[in-house]
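Undergrad: start-v6.txt is reproduced in full below (compact mmCIF, C-alpha atoms).
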```txt
# COMPACT_ATOMS: atom_id res chain seq x y z
CA MET R 143 76.57 26.83 -13.66
CA ASP R 144 78.92 29.40 -12.09
CA ASP R 145 80.79 28.99 -8.77
CA MET R 146 78.04 30.68 -6.73
CA ASP R 147 75.37 28.43 -8.28
CA ARG R 148 77.55 25.37 -7.59
CA GLN R 149 77.96 26.43 -3.94
CA ASN R 150 74.18 26.90 -3.59
CA PHE R 151 73.59 23.51 -5.21
CA ASN R 152 76.02 21.80 -2.81
CA ARG R 153 74.59 23.59 0.24
CA ASP R 154 71.03 22.83 -0.68
CA SER R 155 71.82 19.20 -1.49
CA LYS R 156 72.95 19.00 2.13
CA ASP R 157 69.79 20.80 3.24
CA GLY R 158 67.79 18.12 1.44
CA LEU R 159 69.54 15.27 3.28
CA PRO R 160 67.16 15.19 6.29
CA ILE R 161 64.23 15.08 3.86
CA CYS R 162 65.94 12.24 1.98
CA LEU R 163 66.44 10.27 5.19
CA GLY R 164 62.81 10.80 6.16
CA TYR R 165 61.56 9.67 2.75
CA PHE R 166 63.64 6.50 2.59
CA PRO R 167 61.67 4.29 5.05
CA VAL R 168 58.29 5.33 3.64
CA SER R 169 59.35 4.70 0.05
CA PHE R 170 61.03 1.46 1.15
CA ALA R 171 57.66 0.31 2.52
CA TYR R 172 55.98 1.49 -0.68
CA GLY R 173 58.40 -0.54 -2.81
CA MET R 174 57.90 -3.63 -0.69
CA SER R 175 54.12 -3.38 -0.52
CA VAL R 176 53.47 -2.84 -4.22
CA VAL R 177 55.91 -5.56 -5.27
CA LEU R 178 54.20 -7.93 -2.81
CA SER R 179 50.90 -6.93 -4.42
CA GLY R 180 52.11 -7.97 -7.85
CA MET R 181 53.76 -4.89 -9.38
CA PRO R 182 57.29 -5.33 -10.76
CA ALA R 183 60.03 -3.42 -8.91
CA TRP R 184 60.96 -1.44 -12.03
CA ALA R 185 57.38 -0.14 -12.31
CA ALA R 186 57.37 0.91 -8.65
CA VAL R 187 60.62 2.84 -9.19
CA LEU R 188 59.24 4.44 -12.35
CA ILE R 189 56.18 5.58 -10.39
CA SER R 190 58.45 6.99 -7.66
CA LEU R 191 60.48 8.92 -10.23
CA THR R 192 57.41 10.40 -11.90
CA ASN R 193 55.07 10.95 -8.94
CA LEU R 194 56.78 12.35 -5.84
CA THR R 195 53.88 11.94 -3.43
CA SER R 196 53.56 9.15 -0.91
CA ALA R 197 49.78 9.40 -0.50
CA GLY R 198 49.27 9.79 -4.26
CA GLN R 199 51.50 6.82 -4.99
CA PHE R 200 49.89 4.52 -2.45
CA ALA R 201 46.39 5.48 -3.64
CA GLY R 202 47.26 5.36 -7.34
CA SER R 203 49.04 2.03 -7.02
CA SER R 204 46.15 0.60 -5.03
CA LEU R 205 43.78 1.60 -7.82
CA MET R 206 46.10 0.24 -10.53
CA LEU R 207 46.48 -3.10 -8.77
CA ALA R 208 42.72 -3.28 -8.16
CA GLY R 209 42.02 -2.66 -11.86
CA GLY R 210 40.80 0.92 -11.52
CA SER R 211 40.18 2.98 -14.63
CA TYR R 212 42.57 5.66 -15.87
CA LEU R 213 39.97 8.29 -14.97
CA GLU R 214 39.67 7.01 -11.40
CA ILE R 215 43.44 7.00 -10.97
CA ALA R 216 43.82 10.49 -12.48
CA VAL R 217 41.02 12.07 -10.44
CA THR R 218 42.18 10.44 -7.21
CA THR R 219 45.79 11.53 -7.60
CA VAL R 220 44.82 15.07 -8.61
CA VAL R 221 42.52 15.45 -5.59
CA ILE R 222 45.14 14.04 -3.21
CA ASN R 223 47.87 16.24 -4.66
CA ILE R 224 45.99 19.48 -5.33
CA ARG R 225 47.81 21.16 -2.46
CA TYR R 226 50.97 21.16 -4.59
CA PHE R 227 49.36 23.60 -7.00
CA LEU R 228 48.84 25.99 -4.10
CA MET R 229 52.38 25.45 -2.83
CA SER R 230 53.81 26.15 -6.27
CA LEU R 231 51.72 29.32 -6.52
CA ALA R 232 53.04 30.51 -3.16
CA MET R 233 56.60 29.67 -4.15
CA SER R 234 56.28 31.55 -7.42
CA GLN R 235 56.17 34.76 -5.39
CA LYS R 236 59.63 33.97 -4.05
CA THR R 237 61.17 32.59 -7.26
CA ASP R 238 64.06 34.40 -8.90
CA LYS R 239 62.87 36.22 -12.03
CA LYS R 240 65.87 34.82 -13.96
CA MET R 241 64.47 31.28 -13.69
CA THR R 242 63.29 30.09 -17.12
CA TRP R 243 59.85 28.58 -17.61
CA ILE R 244 61.43 25.13 -18.13
CA GLN R 245 63.28 25.48 -14.84
CA ARG R 246 60.03 26.55 -13.18
CA LEU R 247 58.26 23.46 -14.56
CA LEU R 248 61.02 21.19 -13.27
CA VAL R 249 60.93 22.84 -9.84
CA SER R 250 57.14 22.56 -9.66
CA PHE R 251 57.45 18.83 -10.38
CA GLY R 252 59.75 18.45 -7.36
CA ILE R 253 57.60 20.26 -4.81
CA THR R 254 56.64 18.19 -1.78
CA ASP R 255 55.40 19.32 1.62
CA GLU R 256 58.90 19.13 3.09
CA ILE R 257 60.66 20.81 0.16
CA PHE R 258 58.07 23.58 0.24
CA ALA R 259 58.63 24.14 3.96
CA VAL R 260 62.42 24.30 3.64
CA SER R 261 62.36 26.53 0.55
CA MET R 262 59.91 28.99 2.07
CA GLN R 263 62.23 29.39 5.07
CA ALA R 264 65.23 30.12 2.84
CA GLU R 265 66.48 33.68 2.76
CA GLY R 266 66.29 35.57 -0.49
CA LYS R 267 64.96 34.51 -3.86
CA LEU R 268 64.68 30.87 -4.87
CA THR R 269 67.13 30.23 -7.72
CA ALA R 270 67.13 27.26 -10.07
CA SER R 271 70.37 25.90 -8.60
CA TYR R 272 69.06 26.33 -5.04
CA MET R 273 65.92 24.36 -5.86
CA ALA R 274 67.78 21.72 -7.89
CA GLY R 275 70.06 21.06 -4.93
CA LEU R 276 67.18 20.95 -2.50
CA ILE R 277 65.02 18.65 -4.66
CA LEU R 278 67.62 16.21 -6.00
CA THR R 279 68.68 14.61 -2.71
CA PRO R 280 65.11 13.78 -1.58
CA VAL R 281 64.26 12.42 -5.06
CA ILE R 282 67.26 10.09 -4.83
CA GLY R 283 66.14 9.00 -1.35
CA TRP R 284 62.54 8.46 -2.44
CA SER R 285 63.41 6.48 -5.58
CA GLY R 286 66.28 4.65 -3.88
CA GLY R 287 64.01 3.58 -1.02
CA THR R 288 61.44 2.28 -3.49
CA LEU R 289 64.12 0.34 -5.36
CA ALA R 290 65.62 -1.09 -2.17
CA GLY R 291 62.22 -2.15 -0.85
CA GLY R 292 61.19 -3.67 -4.16
CA ILE R 293 64.43 -5.60 -4.58
CA LEU R 294 64.54 -6.79 -0.96
CA THR R 295 61.02 -8.15 -1.35
CA SER R 296 62.18 -10.51 -4.10
CA PHE R 297 64.81 -12.03 -1.76
CA LEU R 298 62.72 -12.38 1.38
CA PRO R 299 60.19 -15.10 2.10
CA THR R 300 56.67 -13.67 1.60
CA ILE R 301 55.73 -14.09 5.26
CA LEU R 302 58.76 -12.05 6.39
CA ALA R 303 58.19 -9.37 3.73
CA ASN R 304 54.53 -9.09 4.81
CA ALA R 305 55.59 -8.75 8.44
CA LEU R 306 58.00 -5.95 7.56
CA THR R 307 55.55 -3.94 5.47
CA SER R 308 52.32 -4.45 7.39
CA PRO R 309 52.93 -1.75 10.04
CA PHE R 310 53.80 0.80 7.34
CA THR R 311 51.05 -0.04 4.92
CA ALA R 312 48.43 -0.32 7.65
CA CYS R 313 49.12 3.31 8.54
CA LEU R 314 49.82 4.66 5.07
CA SER R 315 47.35 2.83 2.90
CA PRO R 316 44.81 0.48 4.45
CA SER R 317 43.30 -0.34 1.06
CA LEU R 318 46.70 -1.45 -0.31
CA CYS R 319 47.24 -3.55 2.81
CA ARG R 320 43.85 -5.22 2.33
CA LEU R 321 44.53 -5.81 -1.36
CA ARG R 322 47.88 -7.42 -0.56
CA GLU R 323 46.26 -9.63 2.11
CA ARG R 324 43.64 -10.82 -0.38
CA ARG R 325 46.31 -11.70 -2.95
CA THR R 326 48.70 -13.43 -0.52
CA GLY R 327 46.33 -14.92 2.02
```
Turn the structure described in the file into structure tokens.
TA:
Amino acid sequence: MDDMDRQNFNRDSKDGLPICLGYFPVSFAYGMSVVLSGMPAWAAVLISLTNLTSAGQFAGSSLMLAGGSYLEIAVTTVVINIRYFLMSLAMSQKTDKKMTWIQRLLVSFGITDEIFAVSMQAEGKLTASYMAGLILTPVIGWSGGTLAGGILTSFLPTILANALTSPFTACLSPSLCRLRERRTG
């Protein structure tokens, strides 16, 4: 990585900070709610690292915890997240031609609604270092929020943990909220 790439990475890591801060409370609620529903915190963090979509994670986790089949989980998450294919296609028109196919795959993995919006507003071509800087900070916020929520849940009394997560999960995933209520109540 040359000096210009390093500067872009640093700048775009800063550009990703508002996204990171916005992701943290949602992923915190996700971590709390799935751990309360019976999933270990490490599994919740692994899901957050490998599936960067709040709606897809809540739906997929709800299906996993309810005993859904692999096919149900796969179809549901693909349908919920199909918009990312379109976003990646649109971004490919703005991607620097020097970006390798491996870099393109890694960037496509990190596309979210917010990262797409910020990157499409950026001037010039989207370089690998630009996208790495923009994606890394939100991924840390998303995974860190999940970890913090999952760990905090193990220290709080169940009634307090339920009270903290209920407003979030009621809005984000009513089925997960109902599943948690059935298991705890």
Undergrad: In the coordinates of the file, take the point (64.5, 15.5, -1.0) and a cut-off of 6 Å; then, counting only C-alpha atoms, name each qualifying protein, DNA or RNA residue as number ranges by chain.
TA: R: 158, 161-162, 277-281
Undergrad: Range 266-306 of chain R near range 232-240 of chain R within 8 Å: what's each residue's closest atom pair and its distance in Å to one decimal, counting only C-alpha atoms, ordered by chain then ascending residue number, as a tab-separated table?
TA:
```
residue	atom	partner	partner_atom	distance
R:Gly266	CA	R:Lys236	CA	7.7
R:Lys267	CA	R:Asp238	CA	5.1
R:Leu268	CA	R:Thr237	CA	4.6
R:Thr269	CA	R:Asp238	CA	5.3
R:Ala270	CA	R:Asp238	CA	7.9
```
Undergrad: How would the residues just picked look written out with C-alpha atoms as an mmCIF file, in the coordinates of the input?
TA:
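Written out: result-v3.cif:
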```
data_model
loop_
_atom_site.group_PDB
_atom_site.id
_atom_site.type_symbol
_atom_site.label_atom_id
_atom_site.label_comp_id
_atom_site.auth_asym_id
_atom_site.auth_seq_id
_atom_site.Cartn_x
_atom_site.Cartn_y
_atom_site.Cartn_z
ATOM 1 C CA GLY R 266 66.290 35.570 -0.490
ATOM 2 C CA LYS R 267 64.960 34.510 -3.860
ATOM 3 C CA LEU R 268 64.680 30.870 -4.870
ATOM 4 C CA THR R 269 67.130 30.230 -7.720
ATOM 5 C CA ALA R 270 67.130 27.260 -10.070
#
```
Undergrad: Would you mind telling me which residue in R:Ser271, R:Ser169, R:Thr219, R:Ser179 lies nearest to Thr242 in chain R when using only C-alpha atoms?
TA: R:Ser271
Undergrad: Which one of R:Phe166, R:Tyr272, R:Phe258, R:Tyr172 sits closest to Gly202 in chain R if you count all atoms listed in the file?
TA: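 Looking only at the distances to Gly202 in chain R, the closest residue turns out to be R:Tyr172.
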Undergrad: Taking (52.8, 1.4, -9.5) in the file's coordinates, which residues come within 12 Å, counting only C-alpha atoms, written as a PyMOL selection string?
TA: chain R and resi 172-193+196+198-209+215+288+292+318
Undergrad: Would you mind telling me which residue in R:Ala171, R:Leu294, R:Ile257, R:Val217 lies nearest to Ser230 in chain R when using only C-alpha atoms?
TA: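 Among the listed residues, the smallest separation from Ser230 in chain R belongs to R:Ile257.
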Undergrad: What does the distance from CA of Leu163 in chain R to CA of Met273 in chain R come to in Å, to one decimal?
TA: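 So the answer is 17.9 Å.
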Undergrad: Any chance you could build range 212-230 of chain R out to N, CA and C atoms and write it as a JSON list (two decimals), keeping the file's coordinate frame?
TA:
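Contents of rebuild.json, as written:
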```json
[["chain", "number", "residue", "atom", "x", "y", "z"],
["R", 212, "TYR", "N", 41.65, 4.53, -15.77],
["R", 212, "TYR", "CA", 42.57, 5.66, -15.87],
["R", 212, "TYR", "C", 41.94, 6.92, -15.27],
["R", 213, "LEU", "N", 40.66, 7.11, -15.50],
["R", 213, "LEU", "CA", 39.97, 8.29, -14.97],
["R", 213, "LEU", "C", 39.96, 8.26, -13.44],
["R", 214, "GLU", "N", 39.67, 7.12, -12.86],
["R", 214, "GLU", "CA", 39.67, 7.01, -11.40],
["R", 214, "GLU", "C", 41.05, 7.33, -10.83],
["R", 215, "ILE", "N", 42.07, 6.78, -11.44],
["R", 215, "ILE", "CA", 43.44, 7.00, -10.97],
["R", 215, "ILE", "C", 43.80, 8.48, -11.10],
["R", 216, "ALA", "N", 43.50, 9.08, -12.25],
["R", 216, "ALA", "CA", 43.82, 10.49, -12.48],
["R", 216, "ALA", "C", 43.09, 11.40, -11.50],
["R", 217, "VAL", "N", 41.79, 11.21, -11.34],
["R", 217, "VAL", "CA", 41.02, 12.07, -10.44],
["R", 217, "VAL", "C", 41.50, 11.92, -9.01],
["R", 218, "THR", "N", 41.72, 10.68, -8.59],
["R", 218, "THR", "CA", 42.18, 10.44, -7.21],
["R", 218, "THR", "C", 43.52, 11.11, -6.94],
["R", 219, "THR", "N", 44.47, 10.94, -7.85],
["R", 219, "THR", "CA", 45.79, 11.53, -7.60],
["R", 219, "THR", "C", 45.76, 13.06, -7.68],
["R", 220, "VAL", "N", 44.94, 13.61, -8.55],
["R", 220, "VAL", "CA", 44.82, 15.07, -8.61],
["R", 220, "VAL", "C", 44.22, 15.62, -7.31],
["R", 221, "VAL", "N", 43.15, 14.98, -6.83],
["R", 221, "VAL", "CA", 42.52, 15.45, -5.59],
["R", 221, "VAL", "C", 43.48, 15.35, -4.41],
["R", 222, "ILE", "N", 44.19, 14.22, -4.32],
["R", 222, "ILE", "CA", 45.14, 14.04, -3.21],
["R", 222, "ILE", "C", 46.26, 15.06, -3.28],
["R", 223, "ASN", "N", 46.69, 15.40, -4.49],
["R", 223, "ASN", "CA", 47.87, 16.24, -4.66],
["R", 223, "ASN", "C", 47.57, 17.70, -5.01],
["R", 224, "ILE", "N", 46.34, 18.12, -4.92],
["R", 224, "ILE", "CA", 45.99, 19.48, -5.33],
["R", 224, "ILE", "C", 46.71, 20.55, -4.51],
["R", 225, "ARG", "N", 47.10, 20.20, -3.30],
["R", 225, "ARG", "CA", 47.81, 21.16, -2.46],
["R", 225, "ARG", "C", 49.13, 21.62, -3.09],
["R", 226, "TYR", "N", 49.71, 20.78, -3.96],
["R", 226, "TYR", "CA", 50.97, 21.16, -4.59],
["R", 226, "TYR", "C", 50.80, 22.31, -5.57],
["R", 227, "PHE", "N", 49.63, 22.44, -6.15],
["R", 227, "PHE", "CA", 49.36, 23.60, -7.00],
["R", 227, "PHE", "C", 49.42, 24.88, -6.17],
["R", 228, "LEU", "N", 48.82, 24.82, -4.99],
["R", 228, "LEU", "CA", 48.84, 25.99, -4.10],
["R", 228, "LEU", "C", 50.24, 26.29, -3.59],
["R", 229, "MET", "N", 50.99, 25.25, -3.27],
["R", 229, "MET", "CA", 52.38, 25.45, -2.83],
["R", 229, "MET", "C", 53.21, 26.08, -3.93],
["R", 230, "SER", "N", 53.05, 25.59, -5.15],
["R", 230, "SER", "CA", 53.81, 26.15, -6.27],
["R", 230, "SER", "C", 53.44, 27.60, -6.51]]
```
